[in-house]
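Have a look at protein_35.txt; it's compact mmCIF, C-alpha atoms and all ligand atoms:
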# COMPACT_ATOMS: atom_id res chain seq x y z
CA MET P 1 117.25 59.02 108.62
CA ARG P 2 120.32 57.48 106.95
CA THR P 3 120.61 60.47 104.64
CA ALA P 4 120.38 62.83 107.65
CA ALA P 5 123.12 60.88 109.44
CA LYS P 6 125.31 60.96 106.30
CA LEU P 7 124.75 64.71 105.95
CA ALA P 8 125.64 65.26 109.61
CA GLY P 9 128.81 63.17 109.09
CA PHE P 10 129.70 65.20 106.00
CA ILE P 11 129.18 68.51 107.82
CA LEU P 12 131.31 67.29 110.73
CA ALA P 13 134.07 66.20 108.34
CA MET P 14 133.96 69.63 106.66
CA ILE P 15 134.20 71.42 110.03
CA VAL P 16 137.22 69.29 110.99
CA ALA P 17 138.84 69.96 107.59
CA VAL P 18 138.30 73.73 107.93
CA LEU P 19 139.64 73.70 111.50
CA LEU P 20 142.71 71.74 110.38
CA GLY P 21 143.20 74.25 107.57
CA PHE P 22 143.12 77.20 109.99
CA TRP P 23 145.38 75.35 112.37
CA LEU P 24 147.99 74.67 109.70
CA ALA P 25 147.66 78.16 108.20
CA SER P 26 148.37 79.77 111.57
CA TYR P 27 151.95 78.43 111.51
CA ARG P 28 155.02 80.15 110.35
CA PRO P 29 157.34 78.02 108.22
CA ALA P 30 160.21 76.06 109.79
CA GLY P 31 163.37 78.01 110.46
CA SER P 32 161.49 81.16 111.44
CA GLY P 33 163.27 81.54 114.77
CA ALA P 34 161.16 79.54 117.21
CA PHE P 35 161.52 76.07 118.62
CA ARG P 36 158.41 74.03 118.00
CA PHE P 37 157.17 70.61 119.11
CA THR P 38 153.97 69.15 117.70
CA MET P 39 152.35 66.02 119.06
CA LEU P 40 150.11 64.77 116.28
CA ASN P 41 146.78 63.13 116.98
CA VAL P 42 147.43 59.61 115.69
CA GLY P 43 145.10 57.73 118.06
CA GLN P 44 146.62 54.99 120.25
CA GLY P 45 150.29 55.54 119.44
CA ASP P 46 152.91 58.27 119.17
CA ALA P 47 154.11 60.65 116.45
CA SER P 48 155.67 64.04 117.12
CA VAL P 49 157.66 66.60 115.16
CA ILE P 50 160.46 68.83 116.47
CA GLU P 51 161.44 71.96 114.53
CA SER P 52 164.55 73.92 115.48
CA PRO P 53 164.72 77.71 115.12
CA GLU P 54 167.26 77.14 112.33
CA GLY P 55 164.92 74.90 110.35
CA HIS P 56 165.92 71.36 111.34
CA VAL P 57 163.03 68.90 111.38
CA ILE P 58 162.96 65.66 113.38
CA LEU P 59 160.21 63.08 113.54
CA ILE P 60 159.93 61.24 116.86
CA ASP P 61 157.95 58.05 116.18
CA ALA P 62 155.76 57.62 113.14
CA GLY P 63 152.31 56.69 114.44
CA PRO P 64 150.56 53.33 114.55
CA ALA P 65 149.94 51.13 111.54
CA MET P 66 147.66 48.27 112.35
CA ARG P 67 145.26 46.23 110.27
CA ASP P 68 143.93 48.55 107.55
CA ASP P 69 144.92 51.92 109.05
CA ASP P 70 148.42 53.31 108.54
CA THR P 71 148.59 56.68 110.32
CA GLY P 72 152.10 57.28 108.92
CA ARG P 73 150.50 57.43 105.50
CA ARG P 74 147.16 58.94 106.56
CA ILE P 75 148.27 61.59 109.09
CA VAL P 76 152.04 62.02 109.55
CA LEU P 77 153.19 62.24 105.92
CA PRO P 78 150.31 64.56 104.84
CA TYR P 79 151.10 66.80 107.84
CA LEU P 80 154.80 67.02 106.89
CA ARG P 81 153.90 67.77 103.27
CA ARG P 82 151.35 70.43 104.15
CA ARG P 83 153.94 72.11 106.33
CA GLY P 84 156.20 72.22 103.29
CA PHE P 85 158.92 69.94 104.66
CA ASN P 86 160.66 67.95 101.94
CA ARG P 87 163.29 66.42 104.22
CA LEU P 88 163.65 65.15 107.77
CA ASP P 89 167.05 65.60 109.39
CA TYR P 90 166.30 62.54 111.53
CA ALA P 91 163.55 59.99 111.97
CA VAL P 92 163.71 58.66 115.53
CA LEU P 93 161.97 55.44 116.53
CA THR P 94 161.94 55.25 120.33
CA HIS P 95 161.32 51.49 120.05
CA TRP P 96 159.88 48.96 117.61
CA ASP P 97 156.31 48.61 118.90
CA LEU P 98 153.91 49.11 116.02
CA ASP P 99 151.99 51.94 117.69
CA HIS P 100 155.25 53.96 117.32
CA ALA P 101 157.12 52.41 114.41
CA GLY P 102 154.24 51.11 112.25
CA GLY P 103 153.90 54.32 110.25
CA ALA P 104 157.63 54.53 109.56
CA GLU P 105 157.53 52.54 106.31
CA ALA P 106 155.37 55.27 104.77
CA ILE P 107 157.88 57.85 106.01
CA ALA P 108 160.83 55.99 104.46
CA ASP P 109 158.95 55.78 101.15
CA GLY P 110 157.48 59.29 101.24
CA ILE P 111 160.13 61.79 102.37
CA ARG P 112 163.93 62.11 102.37
CA VAL P 113 165.46 61.20 105.75
CA GLY P 114 168.99 62.20 106.85
CA ALA P 115 169.35 59.32 109.33
CA LEU P 116 167.24 56.78 111.18
CA ILE P 117 167.84 56.87 114.94
CA LEU P 118 167.19 53.74 117.03
CA PRO P 119 167.95 52.71 120.63
CA ARG P 120 171.13 50.70 121.07
CA LEU P 121 169.73 47.50 122.53
CA PRO P 122 171.21 44.72 124.59
CA TYR P 123 171.73 41.56 122.56
CA ARG P 124 168.70 39.70 123.87
CA LEU P 125 166.34 42.54 122.98
CA SER P 126 167.80 43.16 119.55
CA HIS P 127 165.64 40.62 117.72
CA LEU P 128 163.41 42.18 115.10
CA THR P 129 159.90 41.12 114.22
CA THR P 130 159.17 40.63 110.54
CA THR P 131 157.31 43.95 110.49
CA ALA P 132 160.28 45.73 112.07
CA GLN P 133 162.57 44.10 109.50
CA ARG P 134 160.26 45.34 106.73
CA ILE P 135 160.39 48.86 108.14
CA ARG P 136 164.18 48.80 108.42
CA SER P 137 164.45 47.48 104.86
CA ALA P 138 162.32 50.39 103.66
CA PHE P 139 164.94 52.81 105.06
CA GLU P 140 167.77 50.67 103.63
CA ARG P 141 166.18 50.87 100.16
CA GLN P 142 166.44 54.64 100.40
CA SER P 143 170.07 54.35 101.63
CA VAL P 144 169.20 56.04 104.93
CA PRO P 145 172.04 55.51 107.44
CA VAL P 146 171.08 54.06 110.84
CA GLU P 147 172.49 55.36 114.12
CA TYR P 148 172.04 53.44 117.38
CA LEU P 149 172.07 55.67 120.45
CA SER P 150 172.24 55.07 124.18
CA ARG P 151 172.89 57.11 127.35
CA GLY P 152 175.81 59.45 126.88
CA ASP P 153 174.99 60.10 123.22
CA GLY P 154 173.34 63.23 121.93
CA ILE P 155 172.26 65.12 118.84
CA ALA P 156 172.91 68.81 118.22
CA LEU P 157 170.50 70.66 115.95
CA GLY P 158 172.51 73.66 114.86
CA LYS P 159 173.88 75.79 117.69
CA GLN P 160 170.83 76.05 119.91
CA VAL P 161 168.89 72.82 120.28
CA THR P 162 170.28 69.62 121.78
CA LEU P 163 168.80 66.17 122.31
CA GLN P 164 170.51 64.25 125.12
CA VAL P 165 169.91 60.50 125.42
CA LEU P 166 169.05 59.59 129.04
CA SER P 167 168.13 55.96 128.35
CA PRO P 168 168.62 53.12 127.47
CA PRO P 169 172.05 52.68 129.09
CA PRO P 170 174.80 51.33 126.84
CA PRO P 171 174.48 47.50 126.73
CA GLY P 172 176.37 45.87 129.58
CA VAL P 173 176.60 49.04 131.66
CA GLY P 174 174.58 48.89 134.89
CA TRP P 175 170.87 48.15 134.63
CA THR P 176 169.70 46.13 131.62
CA PRO P 177 166.18 46.77 130.31
CA THR P 178 164.14 43.59 130.13
CA SER P 179 161.35 44.82 127.88
CA ASP P 180 161.19 46.73 124.61
CA ASN P 181 159.19 49.45 126.39
CA ASP P 182 161.87 49.94 129.03
CA ALA P 183 164.54 50.05 126.31
CA SER P 184 162.80 53.07 124.71
CA LEU P 185 164.93 56.05 123.82
CA VAL P 186 164.38 58.72 126.48
CA LEU P 187 165.44 62.14 125.22
CA MET P 188 165.92 65.46 126.98
CA VAL P 189 165.45 68.25 124.46
CA ARG P 190 166.90 71.63 125.42
CA TYR P 191 166.50 75.06 123.90
CA GLY P 192 167.68 77.90 126.15
CA SER P 193 166.00 77.30 129.50
CA PHE P 194 163.16 75.36 127.86
CA ARG P 195 163.31 71.61 128.43
CA LEU P 196 161.14 68.93 126.92
CA LEU P 197 161.42 65.31 128.09
CA LEU P 198 160.41 62.58 125.64
CA THR P 199 159.97 59.09 127.01
CA GLY P 200 158.63 56.72 124.34
CA ASP P 201 157.00 53.87 126.26
CA ALA P 202 159.63 53.78 129.04
CA GLU P 203 158.20 52.44 132.29
CA ALA P 204 158.99 52.81 135.98
CA GLU P 205 162.17 50.68 135.90
CA ALA P 206 163.75 52.89 133.26
CA GLU P 207 162.58 56.01 135.10
CA HIS P 208 164.18 54.78 138.34
CA ASP P 209 167.42 53.91 136.57
CA ILE P 210 167.64 57.44 135.12
CA ILE P 211 166.98 58.99 138.56
CA ARG P 212 169.47 56.61 140.22
CA ARG P 213 172.15 57.83 137.80
CA GLY P 214 171.64 61.35 139.13
CA LEU P 215 170.68 62.75 135.75
CA ASP P 216 168.86 66.07 135.76
CA VAL P 217 165.35 65.36 134.48
CA ARG P 218 163.57 68.62 135.35
CA ALA P 219 161.50 69.70 132.36
CA SER P 220 158.82 72.26 131.52
CA VAL P 221 157.02 69.74 129.35
CA LEU P 222 156.91 65.96 129.81
CA LYS P 223 155.64 63.52 127.23
CA ILE P 224 154.05 60.93 129.49
CA GLY P 225 155.46 57.42 129.01
CA HIS P 226 153.42 54.60 127.51
CA HIS P 227 150.24 56.59 126.85
CA GLY P 228 149.54 57.12 130.56
CA SER P 229 149.79 53.46 131.55
CA LYS P 230 150.00 53.03 135.33
CA THR P 231 153.29 51.17 134.82
CA SER P 232 154.96 54.46 133.83
CA THR P 233 155.11 57.96 135.35
CA SER P 234 155.86 56.87 138.92
CA ASP P 235 155.48 59.29 141.84
CA ARG P 236 159.27 59.62 142.05
CA TRP P 237 159.46 60.44 138.35
CA CYS P 238 156.72 63.09 138.66
CA HIS P 239 158.53 64.75 141.56
CA ALA P 240 161.89 64.63 139.78
CA VAL P 241 160.61 66.05 136.48
CA GLN P 242 158.09 68.60 137.88
CA PRO P 243 156.54 69.33 134.48
CA LYS P 244 154.22 72.30 134.08
CA ILE P 245 152.58 70.58 131.13
CA ALA P 246 152.14 66.82 130.71
CA LEU P 247 151.28 65.52 127.23
CA ILE P 248 149.55 62.19 126.68
CA SER P 249 149.22 60.66 123.22
CA VAL P 250 146.29 58.30 123.48
CA GLY P 251 143.43 56.87 121.40
CA LYS P 252 139.81 57.75 122.11
CA GLU P 253 138.12 55.01 124.18
CA ASN P 254 141.16 52.73 123.78
CA THR P 255 140.83 49.19 125.07
CA TYR P 256 143.87 49.55 127.41
CA GLY P 257 142.14 52.06 129.67
CA HIS P 258 144.94 54.59 129.00
CA PRO P 259 145.56 57.00 130.57
CA SER P 260 145.20 55.41 133.98
CA ARG P 261 143.48 57.19 136.85
CA GLN P 262 146.59 56.69 139.02
CA VAL P 263 148.83 58.56 136.56
CA LEU P 264 146.34 61.41 136.21
CA GLU P 265 146.15 61.69 140.00
CA ARG P 266 149.96 61.68 140.36
CA LEU P 267 150.17 64.52 137.84
CA GLN P 268 147.38 66.41 139.54
CA ARG P 269 149.20 66.16 142.89
CA ILE P 270 152.29 67.91 141.50
CA GLY P 271 150.17 70.57 139.77
CA SER P 272 150.85 69.57 136.14
CA ARG P 273 148.37 70.59 133.49
CA VAL P 274 147.47 67.47 131.45
CA LEU P 275 146.74 67.71 127.74
CA ARG P 276 145.83 64.62 125.74
CA THR P 277 145.38 64.03 122.06
CA ASP P 278 142.10 62.12 122.41
CA ARG P 279 140.41 65.18 123.95
CA ASN P 280 142.50 68.18 122.88
CA GLY P 281 143.57 66.99 119.42
CA ALA P 282 147.09 67.74 118.17
CA ILE P 283 149.16 69.80 120.61
CA THR P 284 151.87 72.33 119.73
CA ILE P 285 154.46 73.80 122.08
CA GLU P 286 156.44 76.78 120.82
CA SER P 287 159.35 78.29 122.74
CA ASN P 288 161.73 81.23 122.43
CA GLY P 289 164.02 79.70 125.06
CA THR P 290 162.68 81.70 128.03
CA SER P 291 158.94 81.06 127.82
CA PHE P 292 156.67 78.81 125.83
CA THR P 293 153.18 78.77 124.41
CA VAL P 294 150.77 75.86 124.22
CA ARG P 295 148.23 75.46 121.45
CA THR P 296 145.70 72.70 120.95
CA MET P 297 143.70 71.88 117.86
CA LEU P 298 140.54 71.54 119.98
CA PRO P 299 139.78 73.51 123.19
CA PRO P 300 141.11 74.73 125.57
CA TYR P 301 143.95 76.48 123.69
CA ASN P 302 142.65 76.43 120.12
CA ALA P 303 141.51 80.06 119.91
CA LYS P 304 144.13 81.56 122.21
CA PRO P 305 147.43 79.87 123.13
CA ALA P 306 148.49 79.74 126.78
CA ARG P 307 151.80 81.48 127.51
CA ILE P 308 153.95 80.03 130.28
CA VAL P 309 157.12 81.66 131.63
CA ILE P 310 159.92 79.28 132.64
CA ARG P 311 161.23 79.95 136.14
ZN ZN Q 1 153.20 52.84 122.74
Would you mind writing the file out in structure tokens?
Amino acid sequence: MRTAAKLAGFILAMIVAVLLGFWLASYRPAGSGAFRFTMLNVGQGDASVIESPEGHVILIDAGPAMRDDDTGRRIVLPYLRRRGFNRLDYAVLTHWDLDHAGGAEAIADGIRVGALILPRLPYRLSHLTTTAQRIRSAFERQSVPVEYLSRGDGIALGKQVTLQVLSPPPPGVGWTPTSDNDASLVLMVRYGSFRLLLTGDAEAEAEHDIIRRGLDVRASVLKIGHHGSKTSTSDRWCHAVQPKIALISVGKENTYGHPSRQVLERLQRIGSRVLRTDRNGAITIESNGTSFTVRTMLPPYNAKPARIVIR
């Protein structure tokens, strides 16, 4: 019986390995003319990769590292290597929580990074845990410069792709975030008429502050804040963003109950298609600036990507 179970486990592992191989092989290399966003399946945490048509590569969060599992080392770094990337233009940590930043030490040690991007925090939130200090030291050892960004800042990737910081606000200007989640970097990524909104673990207060400022948050694709927690993705936010596709990075059977039923219902009410890493595996969005395709490692879009035209 034990041998049968082991054999079944081995066969399953082989199937997953072969699927992953096909999935990776079906990609063109970076810089081949398309914008690409890949949300990796790192369990309960976040790690995504942006590739510009001109070949820039940005990592947004590095996956969780907790107890004996470091997904930066186990998933993110191997993915970057298999894709043939030997350098990241930027490594962005939306905030210091270990389900986002934990894997970053492996990234600092394992690949060249142009700059580390962090949210510019108000003084009382700028304390660093010992783990965060260790992660920052790992980047310092590699002489990676650090840039702190807040609303009003932005990053241009070549001529075509821009990342605009919508939150946190500059310290001392208007609303002050009171939690690390709400101080997450919120980024609007634009390529032609394609828009992708990345939210870290920002919650309803940050969402309301962004809306109150009158910032344009409409986006084709929304990365749902805080893994689908009911404290994020408010009704107002859903109506303001109007995403066609909502992406949730979440661990299978996680103990937090993410994503919450309320958030899924809010998204259903505005007609967003929800894709989540625990069920659909890694998710890739590719855009030419006027339309985009969605691919998933597991069904529904594993065999044939869905093509969506941007209005
Ligand atoms: Zn998180």
I'd like a table as a tab-separated table: residues in chain P with an atom no more than 6 Å from ligand ZN 1 (chain Q), each row giving the shortest atom pair and its distance in Å to one decimal, only C-alpha atoms and all ligand atoms counted, sorted by chain and rising residue number.
residue	atom	partner	partner_atom	distance
P:Gly45	CA	Q:ZN1	ZN	5.2
P:Asp99	CA	Q:ZN1	ZN	5.3
P:His100	CA	Q:ZN1	ZN	5.9
P:Asp201	CA	Q:ZN1	ZN	5.3
P:His226	CA	Q:ZN1	ZN	5.1
What lies within 7 Å of Leu185 in chain P using all atoms listed in the file, ignoring chain neighbours under 2 positions off, as a ChimeraX atom specification?
/P:94-95,119,165,167-168,183,187,199-200
Determine the nearest neighbour of Phe35 in chain P from the options P:Pro53, P:Pro305, P:Gly257, P:Gly172, counting only C-alpha atoms.
P:Pro53
Using all atoms listed in the file, pick whichever of P:Ile107, P:Val161, P:Leu116, P:Cys238 has the shortest atom-to-atom distance to Ser287 in chain P.
P:Val161
Applying 7 Å and all atoms listed in the file, which residues near range 223-225 of chain P remain after dropping the ones on its own chain fewer than 5 positions away? List them as a list in words.
Leu197, Leu198, Thr199, Gly200, Asp201, Ala202, Glu203, Ser232, Thr233, Ala246, Leu247 and Ile248 of chain P
Could you jot down the CA of Glu147 in chain P to CA of Tyr90 in chain P separation for me, Å, one decimal place?
9.8 Å
Which residues come within 9 Å of Gly154 in chain P, counting all atoms listed in the file, excluding same-chain residues fewer than 3 positions away, as a PyMOL selection string?
chain P and resi 149-151+162-165+187
Computed interatomic separation between CA of Ala101 in chain P and CA of Asp209 in chain P (Å):
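Taking CA of Ala101 in chain P as the start and CA of Asp209 in chain P as the end point, the length is 24.5 Å.
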Enumerate, as a VMD selection string, the protein, DNA and RNA residues whose atoms approach (145.9, 56.4, 125.0) to within 8 Å, taking into account all atoms listed in the file and the coordinate frame of the file.
chain P and resid 43 to 45 227 to 228 248 to 254 256 to 259 278
Enter the distance from CA of Ile270 in chain P to CA of Ile60 in chain P, in Å, rounded to one decimal.
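Those two atoms sit 26.6 Å apart.
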For Arg236 in chain P, please output as a list in words all residues within 8 Å (counting all atoms listed in the file; exclusion window: fewer than 3 positions along the same chain).
His208, His239 and Ala240 of chain P
Write the residues of the selection above to a file with C-alpha atoms, as a tab-separated table (two decimals), in the frame of the given file.
chain	number	residue	atom	x	y	z
P	208	HIS	CA	164.18	54.78	138.34
P	239	HIS	CA	158.53	64.75	141.56
P	240	ALA	CA	161.89	64.63	139.78
Which of these, P:Ile283, P:Ala306, P:Leu275, P:Val144, has the shortest distance to Asp109 in chain P once you count all atoms listed in the file?
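Using all atoms listed in the file, Asp109 in chain P sits closest to P:Val144.
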For range 235-243 of chain P, take all atoms listed in the file, fit an axis-aligned box around them, add 5 Å to each of the six sides, then output centre and edge lengths in Å rounded to one decimal, as lines of an AutoDock Vina configuration file.
center_x = 158.7
center_y = 64.3
center_z = 138.3
size_x = 16.4
size_y = 20.0
size_z = 17.6
List every protein, DNA or RNA residue with an atom no more than 12 Å from (170.8, 40.4, 123.1) in the file's coordinates, counting all atoms listed in the file, and format the result as a list in words.
Arg120, Leu121, Pro122, Tyr123, Arg124, Leu125, Ser126, His127, Leu128, Pro171, Gly172, Thr176, Pro177, Thr178, Ser179, Asp180 and Ala183 of chain P
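For the choices P:Thr131, P:Ser193, P:Ser48, P:Asn280, the atom-to-atom distance to Val294 in chain P is smallest for P:Asn280 when using only C-alpha atoms.
For the choices P:Ser229, P:Val217, P:Ile308, P:Glu207, the atom-to-atom distance to Ile245 in chain P is smallest for P:Ile308 when using all atoms listed in the file.
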